[in-house]
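To start, the structure itself, in structure tokens.
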Amino acid sequence: MEDEFKHLVRISRKDVDGNKKIEYALTDIKGVGLSLSRSLALAMGFDLEQKIGYISDEDIVKIEEALKDPQKYNIPKWMLNRQDDYVTGETTHLIESDLVMMLRDDLNRMKKTRSYKGRRHEVGLPVRGQRTKSTFRKGSSVGVRRRRG
């Protein structure tokens with residue numbers, strides 16, 4: 001454990017608060033949830049109660065490598081957020097801007113192929129089969145307009 005405390009820790013192009021515990025600090029990174037951050041910290045041998053500001057720079061590099069390829073640390077396949085990719089067929093884990101770009105590409109592909117989900121995304125309606133009689137009532141065509149008279 002290092003003696004000097006870092007208030008901001010840079011992990012995978014994201015500034016993380018150094019006062020947070022390791023498992024909660026990693027959740028600040030887009031694409032990393034609590035279960036993944038906890039399992040990564042345990043797999044790498046960190047103490048979950050330790051604050052991330054006290055971690056050495058070598059350990060931060062190890063965390064970044066683990067976030068790029070969690071399967072090297074025996075993280076189960078079901079914890080990863082990009083399973084059986086549409087283009088490559090591989091299972092990977094994406095974080096930050098890579099995740100945002102991939103989601104945008106997926107939506108654009110659905111819209112381009114005119115799939116059901118793509119058409120629902122285009123018009124701003126719910127995609128996953130929710131009812132629309134009473135919910136999702138925001139937008140231009142809401143309700144019945146009364147006649148003035």
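Ligands are numbered from 1 in the order shown, chains are lettered A, B, ... in the order of the structure tokens, and residues start at 1 in each chain.
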Who sits within 9 Å of Asp17 (chain A), only C-alpha atoms, same chain under 3 positions skipped, as JSON, numbers by chain
{"A": [6, 7, 8, 9, 20, 25, 28, 52, 53]}
Report the closest atom pair, with its distance in Å rounded to one decimal, for each residue of region 13-90 of chain A that has an atom no farther than 10 Å from region 98-122 of chain A; count only C-alpha atoms, sort by chain and then rising residue number, and write it as a tab-separated table.
residue	atom	partner	partner_atom	distance
A:Lys30	CA	A:Leu99	CA	8.0
A:Gly31	CA	A:Leu99	CA	7.0
A:Asn81	CA	A:Leu99	CA	8.9
A:Arg82	CA	A:Leu99	CA	8.9
A:Tyr86	CA	A:Asp106	CA	8.8
Could you write out that same residue set with N, CA and C atoms as a PDB file, in the first residue's frame?
ATOM      1  N   LYS A  30     -18.431   3.640 -17.156  1.00  0.00           N
ATOM      2  CA  LYS A  30     -19.616   3.207 -17.906  1.00  0.00           C
ATOM      3  C   LYS A  30     -19.377   1.812 -18.468  1.00  0.00           C
ATOM      4  N   GLY A  31     -20.310   0.903 -18.182  1.00  0.00           N
ATOM      5  CA  GLY A  31     -20.188  -0.468 -18.637  1.00  0.00           C
ATOM      6  C   GLY A  31     -19.718  -1.426 -17.559  1.00  0.00           C
ATOM      7  N   ASN A  81     -20.792  -7.754 -21.200  1.00  0.00           N
ATOM      8  CA  ASN A  81     -21.922  -7.039 -21.775  1.00  0.00           C
ATOM      9  C   ASN A  81     -22.026  -7.144 -23.295  1.00  0.00           C
ATOM     10  N   ARG A  82     -21.137  -7.859 -23.951  1.00  0.00           N
ATOM     11  CA  ARG A  82     -21.222  -8.011 -25.411  1.00  0.00           C
ATOM     12  C   ARG A  82     -21.025  -9.482 -25.750  1.00  0.00           C
ATOM     13  N   TYR A  86     -22.690  -9.477 -33.014  1.00  0.00           N
ATOM     14  CA  TYR A  86     -23.393  -9.639 -34.288  1.00  0.00           C
ATOM     15  C   TYR A  86     -22.400  -9.795 -35.442  1.00  0.00           C
TER      16      TYR A  86
END
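Running DSSP on the backbone gives strand (DSSP E) for these residues within chain A: Leu8, Val9, Arg10, Ile11, Lys14, Asp15, Val16 and Asp17 of chain A.
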Could you pull out the helix (DSSP H, G or I) residues of chain A from DSSP and send them as a PyMOL selection string?
chain A and resi 22-28+34-44+52-54+57-68+70-73+77-79+96-112+116-123
Grab the CA of Ile75 (chain A) to CA of Arg128 (chain A) distance for me, in Å with one decimal place.
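Interatomic distance here is 28.8 Å.
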Give the answer as one residue: which of A:Leu94, A:Val16, A:Val127, A:Leu34 has the shortest atom-to-atom distance to Ala66 (chain A), using only C-alpha atoms?
A:Leu94
As a list in words, please: the residues near Asn74 (chain A) (cut-off 10 Å, only C-alpha atoms, same-chain neighbours under 5 positions excluded).
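Those residues are Ser39, Leu40, Ala43 and Asp69 of chain A.
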Expressed in Å, the length from CA of Ile22 (chain A) to CA of Ile55 (chain A) is 9.1 Å
Using only C-alpha atoms, which protein or nucleic acid residues come within 12 Å of Trp78 (chain A)? Drop anything in the same chain fewer than 6 positions from it, and give the result as an NGL selection string.
:A and (35-36 or 70-71 or 84 or 91-93)
To one decimal place in Å, what is the distance between CA of Gly45 (chain A) and CA of Gln83 (chain A)?
26.0 Å
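Using only C-alpha atoms, the nearest neighbour of Val123 (chain A) within the list A:Arg147, A:Lys138, A:Gly33, A:Lys77 is A:Lys138.
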